[in-house]
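Structure data (mmCIF, C-alpha atoms and all ligand atoms) from final12.cif:
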```cif
data_query
loop_
_atom_site.group_PDB
_atom_site.id
_atom_site.type_symbol
_atom_site.label_atom_id
_atom_site.label_comp_id
_atom_site.auth_asym_id
_atom_site.auth_seq_id
_atom_site.Cartn_x
_atom_site.Cartn_y
_atom_site.Cartn_z
ATOM 1 C CA MET U 20 0.000 0.000 0.000
ATOM 2 C CA ASP U 21 1.192 3.509 -0.779
ATOM 3 C CA VAL U 22 1.299 5.695 2.314
ATOM 4 C CA ILE U 23 2.355 8.703 0.246
ATOM 5 C CA ARG U 24 1.512 9.398 -3.366
ATOM 6 C CA VAL U 25 2.710 12.490 -5.211
ATOM 7 C CA GLU U 26 1.878 13.270 -8.815
ATOM 8 C CA LYS U 27 3.205 16.198 -10.849
ATOM 9 C CA LEU U 28 3.667 18.325 -7.750
ATOM 10 C CA LYS U 29 4.614 21.963 -8.342
ATOM 11 C CA LYS U 30 5.392 24.837 -6.024
ATOM 12 C CA ARG U 31 6.981 28.165 -6.896
ATOM 13 C CA TYR U 32 8.060 31.189 -4.891
ATOM 14 C CA GLY U 33 7.965 34.136 -7.277
ATOM 15 C CA LYS U 34 10.381 33.166 -10.024
ATOM 16 C CA VAL U 35 11.882 30.226 -8.144
ATOM 17 C CA LYS U 36 10.442 26.862 -9.166
ATOM 18 C CA ALA U 37 11.132 25.202 -5.822
ATOM 19 C CA VAL U 38 9.312 21.997 -6.822
ATOM 20 C CA ASP U 39 8.897 21.485 -10.535
ATOM 21 C CA GLY U 40 6.596 18.589 -11.393
ATOM 22 C CA ILE U 41 7.751 15.682 -9.240
ATOM 23 C CA SER U 42 6.026 12.285 -8.891
ATOM 24 C CA PHE U 43 6.824 9.458 -6.506
ATOM 25 C CA ALA U 44 5.219 7.023 -4.082
ATOM 26 C CA VAL U 45 6.249 5.687 -0.682
ATOM 27 C CA LYS U 46 5.135 2.233 0.372
ATOM 28 C CA GLU U 47 4.009 1.318 3.856
ATOM 29 C CA GLY U 48 6.870 0.236 6.111
ATOM 30 C CA GLN U 49 9.586 1.784 3.955
ATOM 31 C CA ILE U 50 12.364 4.149 4.867
ATOM 32 C CA PHE U 51 12.310 6.613 1.976
ATOM 33 C CA SER U 52 14.991 9.313 1.666
ATOM 34 C CA LEU U 53 14.660 12.512 -0.300
ATOM 35 C CA LEU U 54 18.122 13.725 -1.290
ATOM 36 C CA GLY U 55 19.427 16.762 -3.120
ATOM 37 C CA PRO U 56 21.784 19.727 -2.928
ATOM 38 C CA ASN U 57 20.882 22.827 -0.861
ATOM 39 C CA GLY U 58 17.805 24.481 -2.309
ATOM 40 C CA ALA U 59 16.777 21.395 -4.300
ATOM 41 C CA GLY U 60 13.229 21.601 -2.923
ATOM 42 C CA LYS U 61 13.325 18.929 -0.219
ATOM 43 C CA THR U 62 11.945 20.942 2.703
ATOM 44 C CA THR U 63 9.302 22.476 0.445
ATOM 45 C CA THR U 64 8.215 18.974 -0.599
ATOM 46 C CA VAL U 65 8.253 17.592 2.942
ATOM 47 C CA GLU U 66 6.253 20.525 4.283
ATOM 48 C CA ILE U 67 3.641 20.120 1.534
ATOM 49 C CA LEU U 68 3.313 16.452 2.528
ATOM 50 C CA GLU U 69 2.982 17.466 6.176
ATOM 51 C CA GLY U 70 0.164 19.855 5.292
ATOM 52 C CA LEU U 71 2.176 22.942 6.265
ATOM 53 C CA ARG U 72 2.562 24.511 2.819
ATOM 54 C CA LYS U 73 0.063 24.756 -0.002
ATOM 55 C CA ARG U 74 0.965 23.295 -3.366
ATOM 56 C CA ASP U 75 0.407 25.187 -6.617
ATOM 57 C CA GLU U 76 -0.334 22.158 -8.786
ATOM 58 C CA GLY U 77 -0.421 18.393 -8.683
ATOM 59 C CA HIS U 78 -1.960 15.632 -6.666
ATOM 60 C CA VAL U 79 -0.820 14.643 -3.172
ATOM 61 C CA GLU U 80 -2.142 11.870 -0.957
ATOM 62 C CA VAL U 81 -0.771 11.113 2.498
ATOM 63 C CA LEU U 82 -2.446 8.314 4.483
ATOM 64 C CA SER U 83 -5.124 8.475 1.761
ATOM 65 C CA GLU U 84 -5.909 12.119 2.530
ATOM 66 C CA ASP U 85 -5.119 15.484 0.979
ATOM 67 C CA PRO U 86 -2.629 17.126 3.386
ATOM 68 C CA GLU U 87 -4.313 20.500 2.866
ATOM 69 C CA LYS U 88 -7.426 18.993 4.460
ATOM 70 C CA PHE U 89 -6.001 16.524 6.952
ATOM 71 C CA SER U 90 -8.498 15.049 9.421
ATOM 72 C CA ALA U 91 -7.660 15.183 13.136
ATOM 73 C CA GLU U 92 -7.091 11.418 12.978
ATOM 74 C CA ALA U 93 -4.494 11.737 10.188
ATOM 75 C CA ARG U 94 -2.709 14.500 12.112
ATOM 76 C CA ARG U 95 -2.547 12.271 15.157
ATOM 77 C CA ARG U 96 -0.939 9.470 13.138
ATOM 78 C CA ILE U 97 1.805 11.663 11.692
ATOM 79 C CA ALA U 98 4.946 12.733 13.560
ATOM 80 C CA VAL U 99 7.268 15.436 12.329
ATOM 81 C CA VAL U 100 10.851 16.490 13.023
ATOM 82 C CA PHE U 101 11.492 19.823 11.317
ATOM 83 C CA GLN U 102 14.784 20.926 9.788
ATOM 84 C CA GLU U 103 14.888 23.600 12.471
ATOM 85 C CA THR U 104 12.642 22.729 15.315
ATOM 86 C CA ALA U 105 11.411 25.597 17.426
ATOM 87 C CA LEU U 106 10.664 23.953 20.740
ATOM 88 C CA PHE U 107 9.390 26.037 23.623
ATOM 89 C CA ASP U 108 12.561 27.580 25.012
ATOM 90 C CA ASN U 109 11.241 28.071 28.507
ATOM 91 C CA LEU U 110 10.041 24.521 29.083
ATOM 92 C CA THR U 111 12.237 21.749 30.425
ATOM 93 C CA VAL U 112 13.135 18.676 28.428
ATOM 94 C CA MET U 113 10.684 16.549 30.421
ATOM 95 C CA GLU U 114 7.898 19.119 30.069
ATOM 96 C CA ILE U 115 8.316 19.071 26.281
ATOM 97 C CA LEU U 116 8.066 15.292 26.181
ATOM 98 C CA LYS U 117 5.006 15.309 28.444
ATOM 99 C CA PHE U 118 3.410 17.902 26.175
ATOM 100 C CA PHE U 119 3.926 15.735 23.066
ATOM 101 C CA LYS U 120 2.812 12.571 24.823
ATOM 102 C CA ARG U 121 -0.415 14.219 25.965
ATOM 103 C CA THR U 122 -1.092 15.960 22.646
ATOM 104 C CA TYR U 123 -0.730 12.736 20.645
ATOM 105 C CA GLY U 124 -2.296 10.425 23.247
ATOM 106 C CA GLY U 125 0.876 8.350 23.619
ATOM 107 C CA ASP U 126 1.712 5.884 26.347
ATOM 108 C CA ALA U 127 5.525 5.829 26.182
ATOM 109 C CA ASP U 128 7.718 5.538 29.269
ATOM 110 C CA LEU U 129 9.345 8.973 29.097
ATOM 111 C CA MET U 130 12.327 8.020 31.267
ATOM 112 C CA LYS U 131 13.124 5.296 28.738
ATOM 113 C CA VAL U 132 12.754 7.741 25.846
ATOM 114 C CA LEU U 133 15.163 10.150 27.563
ATOM 115 C CA GLU U 134 17.618 7.367 28.189
ATOM 116 C CA GLU U 135 17.472 6.214 24.599
ATOM 117 C CA LEU U 136 18.513 9.641 23.349
ATOM 118 C CA GLY U 137 21.047 10.259 26.110
ATOM 119 C CA LEU U 138 19.016 13.063 27.688
ATOM 120 C CA SER U 139 18.261 11.574 31.119
ATOM 121 C CA GLU U 140 20.532 13.989 32.952
ATOM 122 C CA LYS U 141 19.006 16.930 31.101
ATOM 123 C CA ARG U 142 15.402 16.173 31.952
ATOM 124 C CA LYS U 143 15.067 19.246 34.206
ATOM 125 C CA THR U 144 17.092 21.531 31.916
ATOM 126 C CA LEU U 145 15.375 24.337 30.028
ATOM 127 C CA VAL U 146 15.359 23.829 26.272
ATOM 128 C CA ARG U 147 17.188 27.114 25.760
ATOM 129 C CA HIS U 148 20.116 25.760 27.770
ATOM 130 C CA LEU U 149 20.587 22.701 25.579
ATOM 131 C CA SER U 150 23.385 22.432 23.021
ATOM 132 C CA GLY U 151 22.487 22.248 19.329
ATOM 133 C CA GLY U 152 22.906 18.481 19.182
ATOM 134 C CA GLN U 153 20.911 17.996 22.388
ATOM 135 C CA LYS U 154 18.012 20.030 20.940
ATOM 136 C CA ARG U 155 18.131 17.847 17.844
ATOM 137 C CA ARG U 156 17.977 14.743 20.020
ATOM 138 C CA LEU U 157 15.050 16.180 21.953
ATOM 139 C CA ALA U 158 13.206 16.775 18.669
ATOM 140 C CA LEU U 159 13.766 13.100 17.861
ATOM 141 C CA ALA U 160 12.651 12.055 21.335
ATOM 142 C CA THR U 161 9.271 13.728 20.754
ATOM 143 C CA ILE U 162 8.356 11.154 18.088
ATOM 144 C CA LEU U 163 8.997 8.310 20.539
ATOM 145 C CA THR U 164 6.416 9.615 23.031
ATOM 146 C CA HIS U 165 3.535 8.260 20.977
ATOM 147 C CA ASP U 166 2.755 5.753 18.245
ATOM 148 C CA PRO U 167 2.732 7.456 14.833
ATOM 149 C CA LYS U 168 2.127 5.526 11.622
ATOM 150 C CA LEU U 169 4.134 7.879 9.439
ATOM 151 C CA ILE U 170 7.201 9.883 10.475
ATOM 152 C CA PHE U 171 8.725 12.828 8.610
ATOM 153 C CA LEU U 172 12.286 13.776 9.501
ATOM 154 C CA ASP U 173 13.970 16.729 7.786
ATOM 155 C CA GLU U 174 17.737 16.292 8.298
ATOM 156 C CA PRO U 175 17.353 14.481 11.630
ATOM 157 C CA THR U 176 21.057 13.839 12.155
ATOM 158 C CA THR U 177 22.525 17.178 11.094
ATOM 159 C CA GLY U 178 24.711 18.439 13.930
ATOM 160 C CA LEU U 179 24.769 15.148 15.808
ATOM 161 C CA ASP U 180 28.023 13.597 16.984
ATOM 162 C CA PRO U 181 28.949 10.194 15.471
ATOM 163 C CA ALA U 182 27.644 8.136 18.412
ATOM 164 C CA ALA U 183 24.342 10.032 18.509
ATOM 165 C CA ARG U 184 23.956 9.618 14.742
ATOM 166 C CA ARG U 185 24.372 5.868 15.036
ATOM 167 C CA ARG U 186 21.875 5.770 17.892
ATOM 168 C CA VAL U 187 19.373 7.568 15.666
ATOM 169 C CA TRP U 188 19.974 5.021 12.903
ATOM 170 C CA GLU U 189 19.213 2.208 15.360
ATOM 171 C CA ILE U 190 16.038 3.961 16.454
ATOM 172 C CA LEU U 191 14.873 4.536 12.866
ATOM 173 C CA LEU U 192 15.481 0.890 11.947
ATOM 174 C CA ARG U 193 13.552 -0.193 15.038
ATOM 175 C CA LEU U 194 10.632 2.082 14.121
ATOM 176 C CA LYS U 195 10.664 0.549 10.648
ATOM 177 C CA ASP U 196 10.644 -2.938 12.209
ATOM 178 C CA GLU U 197 7.540 -1.862 14.096
ATOM 179 C CA GLY U 198 5.901 -1.252 10.720
ATOM 180 C CA LYS U 199 6.096 2.537 10.644
ATOM 181 C CA THR U 200 6.800 4.419 7.432
ATOM 182 C CA ILE U 201 9.687 6.886 7.551
ATOM 183 C CA PHE U 202 10.241 9.792 5.186
ATOM 184 C CA LEU U 203 13.663 11.324 5.583
ATOM 185 C CA THR U 204 15.812 14.031 4.112
ATOM 186 C CA THR U 205 19.548 13.968 4.679
ATOM 187 C CA HIS U 206 22.812 15.278 3.275
ATOM 188 C CA TYR U 207 24.678 12.211 4.532
ATOM 189 C CA MET U 208 24.813 9.754 1.662
ATOM 190 C CA GLU U 209 26.252 7.017 3.880
ATOM 191 C CA GLU U 210 23.197 7.396 6.094
ATOM 192 C CA ALA U 211 20.790 7.310 3.142
ATOM 193 C CA GLN U 212 22.514 4.253 1.676
ATOM 194 C CA PHE U 213 22.535 2.433 5.009
ATOM 195 C CA LEU U 214 18.944 3.168 6.006
ATOM 196 C CA SER U 215 16.833 3.543 2.893
ATOM 197 C CA ASP U 216 14.680 1.075 1.032
ATOM 198 C CA ALA U 217 14.375 3.739 -1.647
ATOM 199 C CA VAL U 218 15.888 7.143 -2.293
ATOM 200 C CA CYS U 219 14.834 9.974 -4.547
ATOM 201 C CA ILE U 220 17.488 12.435 -5.699
ATOM 202 C CA MET U 221 16.191 15.940 -6.502
ATOM 203 C CA ASP U 222 17.988 18.841 -8.091
ATOM 204 C CA ARG U 223 16.512 22.257 -8.857
ATOM 205 C CA GLY U 224 12.986 21.065 -8.143
ATOM 206 C CA LYS U 225 13.154 18.009 -10.390
ATOM 207 C CA ILE U 226 13.791 14.327 -9.755
ATOM 208 C CA VAL U 227 17.030 13.137 -11.324
ATOM 209 C CA GLU U 228 17.074 9.544 -10.041
ATOM 210 C CA MET U 229 14.964 7.281 -7.862
ATOM 211 C CA GLY U 230 15.022 3.707 -6.565
ATOM 212 C CA PRO U 231 16.696 1.400 -4.065
ATOM 213 C CA PRO U 232 20.269 2.626 -3.365
ATOM 214 C CA GLU U 233 21.944 -0.534 -4.690
ATOM 215 C CA GLU U 234 19.935 -0.349 -7.928
ATOM 216 C CA ILE U 235 20.775 3.293 -8.439
ATOM 217 C CA ILE U 236 24.462 2.589 -7.924
ATOM 218 C CA LYS U 237 24.347 -0.269 -10.426
ATOM 219 C CA ARG U 238 22.425 1.801 -12.957
ATOM 220 C CA SER U 239 24.954 4.635 -12.724
ATOM 221 C CA ASN U 240 27.607 2.477 -14.397
ATOM 222 C CA LEU U 241 30.234 4.165 -12.239
ATOM 223 C CA LYS U 242 33.394 2.145 -11.985
ATOM 224 C CA SER U 243 35.217 0.707 -9.006
ATOM 225 C CA VAL U 244 38.539 2.267 -8.091
ATOM 226 C CA VAL U 245 41.418 -0.117 -7.486
ATOM 227 C CA LYS U 246 44.583 1.183 -5.810
ATOM 228 C CA ALA U 247 47.844 -0.691 -5.475
ATOM 229 C CA LYS U 248 51.597 -0.330 -5.209
ATOM 230 C CA VAL U 249 53.529 -1.884 -8.067
ATOM 231 C CA GLY U 250 57.321 -1.850 -7.732
ATOM 232 C CA GLY U 251 57.021 0.780 -4.990
ATOM 233 C CA LYS U 252 54.917 3.049 -7.244
ATOM 234 C CA GLU U 253 51.309 3.889 -6.425
ATOM 235 C CA MET U 254 48.783 3.240 -9.179
ATOM 236 C CA ILE U 255 45.076 3.938 -9.407
ATOM 237 C CA LEU U 256 42.752 2.406 -11.972
ATOM 238 C CA GLU U 257 39.041 2.540 -12.656
ATOM 239 C CA THR U 258 37.402 -0.671 -13.729
ATOM 240 C CA ASP U 259 34.108 -2.526 -14.166
ATOM 241 C CA ARG U 260 35.789 -5.739 -13.108
ATOM 242 C CA PRO U 261 37.691 -5.031 -9.904
ATOM 243 C CA GLU U 262 38.105 -8.723 -9.028
ATOM 244 C CA LYS U 263 39.901 -9.379 -12.301
ATOM 245 C CA ALA U 264 42.065 -6.278 -11.851
ATOM 246 C CA VAL U 265 43.081 -7.445 -8.384
ATOM 247 C CA LYS U 266 43.954 -10.889 -9.712
ATOM 248 C CA ASP U 267 46.132 -9.356 -12.432
ATOM 249 C CA LEU U 268 47.772 -7.049 -9.915
ATOM 250 C CA ILE U 269 48.588 -9.928 -7.571
ATOM 251 C CA GLU U 270 50.170 -11.798 -10.465
ATOM 252 C CA LYS U 271 52.323 -8.721 -11.119
ATOM 253 C CA GLY U 272 53.414 -8.787 -7.481
ATOM 254 C CA ALA U 273 51.497 -5.652 -6.501
ATOM 255 C CA GLU U 274 51.144 -4.749 -2.831
ATOM 256 C CA GLU U 275 48.690 -2.834 -0.666
ATOM 257 C CA ILE U 276 45.817 -3.518 -3.047
ATOM 258 C CA SER U 277 42.470 -1.934 -2.196
ATOM 259 C CA ILE U 278 39.119 -1.775 -3.996
ATOM 260 C CA ARG U 279 36.576 0.968 -3.545
ATOM 261 C CA LYS U 280 33.203 0.254 -5.098
ATOM 262 C CA PRO U 281 31.066 3.198 -6.163
ATOM 263 C CA ASN U 282 28.682 4.339 -3.451
ATOM 264 C CA LEU U 283 25.606 6.550 -3.249
ATOM 265 C CA GLU U 284 27.730 9.663 -2.686
ATOM 266 C CA ASP U 285 29.618 9.013 -5.935
ATOM 267 C CA VAL U 286 26.300 8.672 -7.772
ATOM 268 C CA PHE U 287 24.898 11.799 -6.102
ATOM 269 C CA LEU U 288 27.901 13.893 -7.136
ATOM 270 C CA HIS U 289 27.858 12.363 -10.600
ATOM 271 C CA LEU U 290 24.196 13.298 -11.089
ATOM 272 C CA THR U 291 24.072 16.674 -9.351
ATOM 273 C CA GLY U 292 27.584 17.910 -10.092
ATOM 274 C CA ARG U 293 30.104 19.674 -7.906
ATOM 275 C CA GLU U 294 28.883 23.233 -8.351
ATOM 276 C CA LEU U 295 27.539 24.941 -5.252
ATOM 277 C CA ARG U 296 23.861 25.854 -5.518
ATOM 278 C CA ASP U 297 22.740 29.443 -5.111
HETATM 279 N N1 LIG U 301 9.149 30.598 1.987
HETATM 280 C C1 LIG U 301 9.926 30.769 0.911
HETATM 281 N N2 LIG U 301 9.910 31.911 0.195
HETATM 282 C C2 LIG U 301 10.678 32.057 -0.892
HETATM 283 N N3 LIG U 301 11.518 31.133 -1.376
HETATM 284 C C3 LIG U 301 11.583 29.977 -0.707
HETATM 285 C C4 LIG U 301 10.806 29.725 0.467
HETATM 286 N N4 LIG U 301 11.090 28.484 0.917
HETATM 287 C C5 LIG U 301 12.003 27.987 0.063
HETATM 288 N N5 LIG U 301 12.308 28.865 -0.910
HETATM 289 C C6 LIG U 301 13.232 28.623 -2.044
HETATM 290 O O1 LIG U 301 12.852 27.416 -2.659
HETATM 291 C C7 LIG U 301 13.995 26.633 -3.001
HETATM 292 C C8 LIG U 301 13.890 25.275 -2.317
HETATM 293 O O2 LIG U 301 14.054 25.447 -0.915
HETATM 294 P P1 LIG U 301 13.980 24.220 0.112
HETATM 295 O O3 LIG U 301 14.047 24.795 1.483
HETATM 296 O O4 LIG U 301 12.811 23.398 -0.233
HETATM 297 O O5 LIG U 301 15.331 23.449 -0.252
HETATM 298 P P2 LIG U 301 16.022 22.192 0.470
HETATM 299 O O6 LIG U 301 16.193 21.160 -0.587
HETATM 300 O O7 LIG U 301 15.290 21.820 1.686
HETATM 301 O O8 LIG U 301 17.477 22.777 0.824
HETATM 302 P P3 LIG U 301 18.458 22.491 2.100
HETATM 303 O O9 LIG U 301 19.226 21.261 1.742
HETATM 304 O O10 LIG U 301 19.364 23.684 2.085
HETATM 305 O O11 LIG U 301 17.623 22.378 3.321
HETATM 306 C C9 LIG U 301 15.197 27.463 -2.609
HETATM 307 O O12 LIG U 301 15.673 28.149 -3.746
HETATM 308 C C10 LIG U 301 14.673 28.424 -1.560
HETATM 309 O O13 LIG U 301 15.396 29.627 -1.574
HETATM 310 MG MG MG U 302 15.772 21.772 3.676
#
```

Written as structure tokens, that's how I'd like the structure from this file.
Amino acid sequence: MDVIRVEKLKKRYGKVKAVDGISFAVKEGQIFSLLGPNGAGKTTTVEILEGLRKRDEGHVEVLSEDPEKFSAEARRRIAVVFQETALFDNLTVMEILKFFKRTYGGDADLMKVLEELGLSEKRKTLVRHLSGGQKRRLALATILTHDPKLIFLDEPTTGLDPAARRRVWEILLRLKDEGKTIFLTTHYMEEAQFLSDAVCIMDRGKIVEMGPPEEIIKRSNLKSVVKAKVGGKEMILETDRPEKAVKDLIEKGAEEISIRKPNLEDVFLHLTGRELRD
């Protein structure tokens, strides 16, 4: 079943075509990642799906409803982590979690939620006294206070330290195991490749590639890079058949041989280029 369906979606701001006719679907229980350079149109798309921005054109269905007219029930089943979450600065961490739990009718053990995101010792701290990464973790904790069916996360791990990022990955995979659908944006291609059942790469409001990460990598026809030392000299070669290259290199007495297969980041840069976006 499709939890999200988007057809020919368009949104412009004055002359800027922020979203320029995109179509995709997200199946129930998937982790789906929307990728793209700065300004590609990701947040605009996510916020249209969340019912926070109006579209100009196109058809959008989220949990079988039009986000512009979400029922109270649909709103209750959707959890959101914004790119920049404005939480109430003068509430404590625990008060924020209690607020979300009550609002969404959740039954989570809040001490456990705090522990999971490493915020136990901060439970009485005012939000405005949290560090950037701690605020981010608190935003993530809010979705664990209740039982959403669909979760939107706009750059959930930006600004998190490596251990916290990995913890978030574990949490997202667990939520997926519980049958929830997760819609993510991220600039970390390793994260997208590791987590996603499907990714959609956008650039300048348009979709440039879409599918399971491994399929996209295969389709890109990018080559593997083999590095080795031959007679004390470093050599680098690009090849479709890295195993054969390694065999040949071993026969030539090469040392320190390594293979790097193309990854999602290579494909992303290949498709979207290396120019900075304005
Ligand atoms: N409220 C707005 N008013 C005018 N222009 C906007 C508005 N929101 C977004 N834009 C423009 O629309 C384009 C897409 O912005 P959006 O925030 O969707 O990009 P993004 O893919 O989320 O980028 P990032 O990776 O930097 O978060 C950009 O050119 C941006 O300047
Ligand atoms: Mg954004």

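Candidate residues U:Lys46, U:Arg238, U:Arg155, U:Arg293 were compared for distance to Leu169 of chain U, and the nearest is U:Lys46, using only C-alpha atoms.
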
Shell of 7 Å around ligand MG 302 (chain U) (all atoms listed in the file), written as a PyMOL selection string: chain U and resi 57-58+61-62+102+173

Residue members of the PyMOL selection byres (((chain U and resi 177) around 10) and not hetatm) in the file shown, as a ChimeraX atom specification: /U:102,151-152,155,173-176,178-180,184,205-207

Result set, the PyMOL selection byres (((chain U and resi 64) around 9) and not hetatm) on current file, as an MDAnalysis selection string: chainID U and resid 28 30 37:38 60:63 65:69 72 74

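Atom CA of Thr258 of chain U is found 17.4 Å from atom CA of Glu275 of chain U.
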
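Take the candidates U:Ile226, U:Val286, U:Met221, U:Ile236 and check each one against ligand LIG 301 (chain U) using all atoms listed in the file; the shortest distance goes to U:Met221.
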
Ligand LIG 301 (chain U): axis-aligned bounding box, 5 Å on each side, centre and edge lengths in Å, one decimal, as JSON:
```
{"center_x": 14.3, "center_y": 26.6, "center_z": -0.2, "size_x": 20.2, "size_y": 20.9, "size_z": 17.1}
```

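Considering the residues U:Lys271, U:Arg223, U:Lys27, U:Lys73 and counting all atoms listed in the file, ligand LIG 301 (chain U) has its shortest atom-to-atom contact with U:Arg223.
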
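Using all atoms listed in the file, the shortest contact distance between Lys252 of chain U and any of U:Lys36, U:Gly272, U:Gly230, U:Ala59 is found at U:Gly272.
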
Evaluate the PyMOL selection byres (((chain U and resi 167) around 12) and not hetatm) and report residues as a ChimeraX atom specification: /U:82,92-99,119-120,123-127,161-166,168-171,194-195,197-201

Take the residues from that selection and put them in a file with C-alpha atoms, as a PDB file, keeping the file's coordinate frame.
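Written output follows (selection_26.pdb):
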```
ATOM      1  CA  LEU U  82      -2.446   8.314   4.483  1.00  0.00           C
ATOM      2  CA  GLU U  92      -7.091  11.418  12.978  1.00  0.00           C
ATOM      3  CA  ALA U  93      -4.494  11.737  10.188  1.00  0.00           C
ATOM      4  CA  ARG U  94      -2.709  14.500  12.112  1.00  0.00           C
ATOM      5  CA  ARG U  95      -2.547  12.271  15.157  1.00  0.00           C
ATOM      6  CA  ARG U  96      -0.939   9.470  13.138  1.00  0.00           C
ATOM      7  CA  ILE U  97       1.805  11.663  11.692  1.00  0.00           C
ATOM      8  CA  ALA U  98       4.946  12.733  13.560  1.00  0.00           C
ATOM      9  CA  VAL U  99       7.268  15.436  12.329  1.00  0.00           C
ATOM     10  CA  PHE U 119       3.926  15.735  23.066  1.00  0.00           C
ATOM     11  CA  LYS U 120       2.812  12.571  24.823  1.00  0.00           C
ATOM     12  CA  TYR U 123      -0.730  12.736  20.645  1.00  0.00           C
ATOM     13  CA  GLY U 124      -2.296  10.425  23.247  1.00  0.00           C
ATOM     14  CA  GLY U 125       0.876   8.350  23.619  1.00  0.00           C
ATOM     15  CA  ASP U 126       1.712   5.884  26.347  1.00  0.00           C
ATOM     16  CA  ALA U 127       5.525   5.829  26.182  1.00  0.00           C
ATOM     17  CA  THR U 161       9.271  13.728  20.754  1.00  0.00           C
ATOM     18  CA  ILE U 162       8.356  11.154  18.088  1.00  0.00           C
ATOM     19  CA  LEU U 163       8.997   8.310  20.539  1.00  0.00           C
ATOM     20  CA  THR U 164       6.416   9.615  23.031  1.00  0.00           C
ATOM     21  CA  HIS U 165       3.535   8.260  20.977  1.00  0.00           C
ATOM     22  CA  ASP U 166       2.755   5.753  18.245  1.00  0.00           C
ATOM     23  CA  LYS U 168       2.127   5.526  11.622  1.00  0.00           C
ATOM     24  CA  LEU U 169       4.134   7.879   9.439  1.00  0.00           C
ATOM     25  CA  ILE U 170       7.201   9.883  10.475  1.00  0.00           C
ATOM     26  CA  PHE U 171       8.725  12.828   8.610  1.00  0.00           C
ATOM     27  CA  LEU U 194      10.632   2.082  14.121  1.00  0.00           C
ATOM     28  CA  LYS U 195      10.664   0.549  10.648  1.00  0.00           C
ATOM     29  CA  GLU U 197       7.540  -1.862  14.096  1.00  0.00           C
ATOM     30  CA  GLY U 198       5.901  -1.252  10.720  1.00  0.00           C
ATOM     31  CA  LYS U 199       6.096   2.537  10.644  1.00  0.00           C
ATOM     32  CA  THR U 200       6.800   4.419   7.432  1.00  0.00           C
ATOM     33  CA  ILE U 201       9.687   6.886   7.551  1.00  0.00           C
TER      34      ILE U 201
END
```

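Reported to one decimal place, the separation of atom CA of Lys246 of chain U from atom CA of Ala273 of chain U is 9.7 Å.
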
Distance of atom CA of Gly70 of chain U from atom CA of Ala105 of chain U, expressed in Å to one decimal place: 17.5 Å

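For the choices U:Ile115, U:Ala44, U:Ile220, U:Ile278, the atom-to-atom distance to ligand LIG 301 (chain U) is smallest for U:Ile220 when using all atoms listed in the file.
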
Nearest to Asp285 of chain U by atom-to-atom distance, counting only C-alpha atoms, from U:Ser52, U:Ser243, U:Ser139, U:Asn109: U:Ser243

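Residues with any atom within 12 Å of segment 148-150 of chain U, counting only C-alpha atoms and excluding same-chain neighbours fewer than 4 positions away, are Leu106, Phe107, Asp108, Asn109, Leu110, Thr111, Val112, Leu138, Glu140, Lys141, Arg142, Lys143, Thr144, Lys154, Arg155, Arg156, Leu157, Ala158, Gly178, Leu179 and Asp180 of chain U.
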
Just the selected residues (C-alpha atoms), exported as a PDB file, in the frame of the given file, please.
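Generated output (selection_39.pdb):
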```pdb
ATOM      1  CA  LEU U 106      10.664  23.953  20.740  1.00  0.00           C
ATOM      2  CA  PHE U 107       9.390  26.037  23.623  1.00  0.00           C
ATOM      3  CA  ASP U 108      12.561  27.580  25.012  1.00  0.00           C
ATOM      4  CA  ASN U 109      11.241  28.071  28.507  1.00  0.00           C
ATOM      5  CA  LEU U 110      10.041  24.521  29.083  1.00  0.00           C
ATOM      6  CA  THR U 111      12.237  21.749  30.425  1.00  0.00           C
ATOM      7  CA  VAL U 112      13.135  18.676  28.428  1.00  0.00           C
ATOM      8  CA  LEU U 138      19.016  13.063  27.688  1.00  0.00           C
ATOM      9  CA  GLU U 140      20.532  13.989  32.952  1.00  0.00           C
ATOM     10  CA  LYS U 141      19.006  16.930  31.101  1.00  0.00           C
ATOM     11  CA  ARG U 142      15.402  16.173  31.952  1.00  0.00           C
ATOM     12  CA  LYS U 143      15.067  19.246  34.206  1.00  0.00           C
ATOM     13  CA  THR U 144      17.092  21.531  31.916  1.00  0.00           C
ATOM     14  CA  LYS U 154      18.012  20.030  20.940  1.00  0.00           C
ATOM     15  CA  ARG U 155      18.131  17.847  17.844  1.00  0.00           C
ATOM     16  CA  ARG U 156      17.977  14.743  20.020  1.00  0.00           C
ATOM     17  CA  LEU U 157      15.050  16.180  21.953  1.00  0.00           C
ATOM     18  CA  ALA U 158      13.206  16.775  18.669  1.00  0.00           C
ATOM     19  CA  GLY U 178      24.711  18.439  13.930  1.00  0.00           C
ATOM     20  CA  LEU U 179      24.769  15.148  15.808  1.00  0.00           C
ATOM     21  CA  ASP U 180      28.023  13.597  16.984  1.00  0.00           C
TER      22      ASP U 180
END
```

Local residues around (35.8, -3.6, -17.2), at most 12 Å away, using only C-alpha atoms, as a PyMOL selection string: chain U and resi 240-245+256-264

Now that the selection is made, can you save its residues with C-alpha atoms as a tab-separated table (two decimals), in the frame of the given file?
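Result written to again-v3.tsv:
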```tsv
chain	number	residue	atom	x	y	z
U	240	ASN	CA	27.61	2.48	-14.40
U	241	LEU	CA	30.23	4.16	-12.24
U	242	LYS	CA	33.39	2.14	-11.98
U	243	SER	CA	35.22	0.71	-9.01
U	244	VAL	CA	38.54	2.27	-8.09
U	245	VAL	CA	41.42	-0.12	-7.49
U	256	LEU	CA	42.75	2.41	-11.97
U	257	GLU	CA	39.04	2.54	-12.66
U	258	THR	CA	37.40	-0.67	-13.73
U	259	ASP	CA	34.11	-2.53	-14.17
U	260	ARG	CA	35.79	-5.74	-13.11
U	261	PRO	CA	37.69	-5.03	-9.90
U	262	GLU	CA	38.10	-8.72	-9.03
U	263	LYS	CA	39.90	-9.38	-12.30
U	264	ALA	CA	42.06	-6.28	-11.85
```
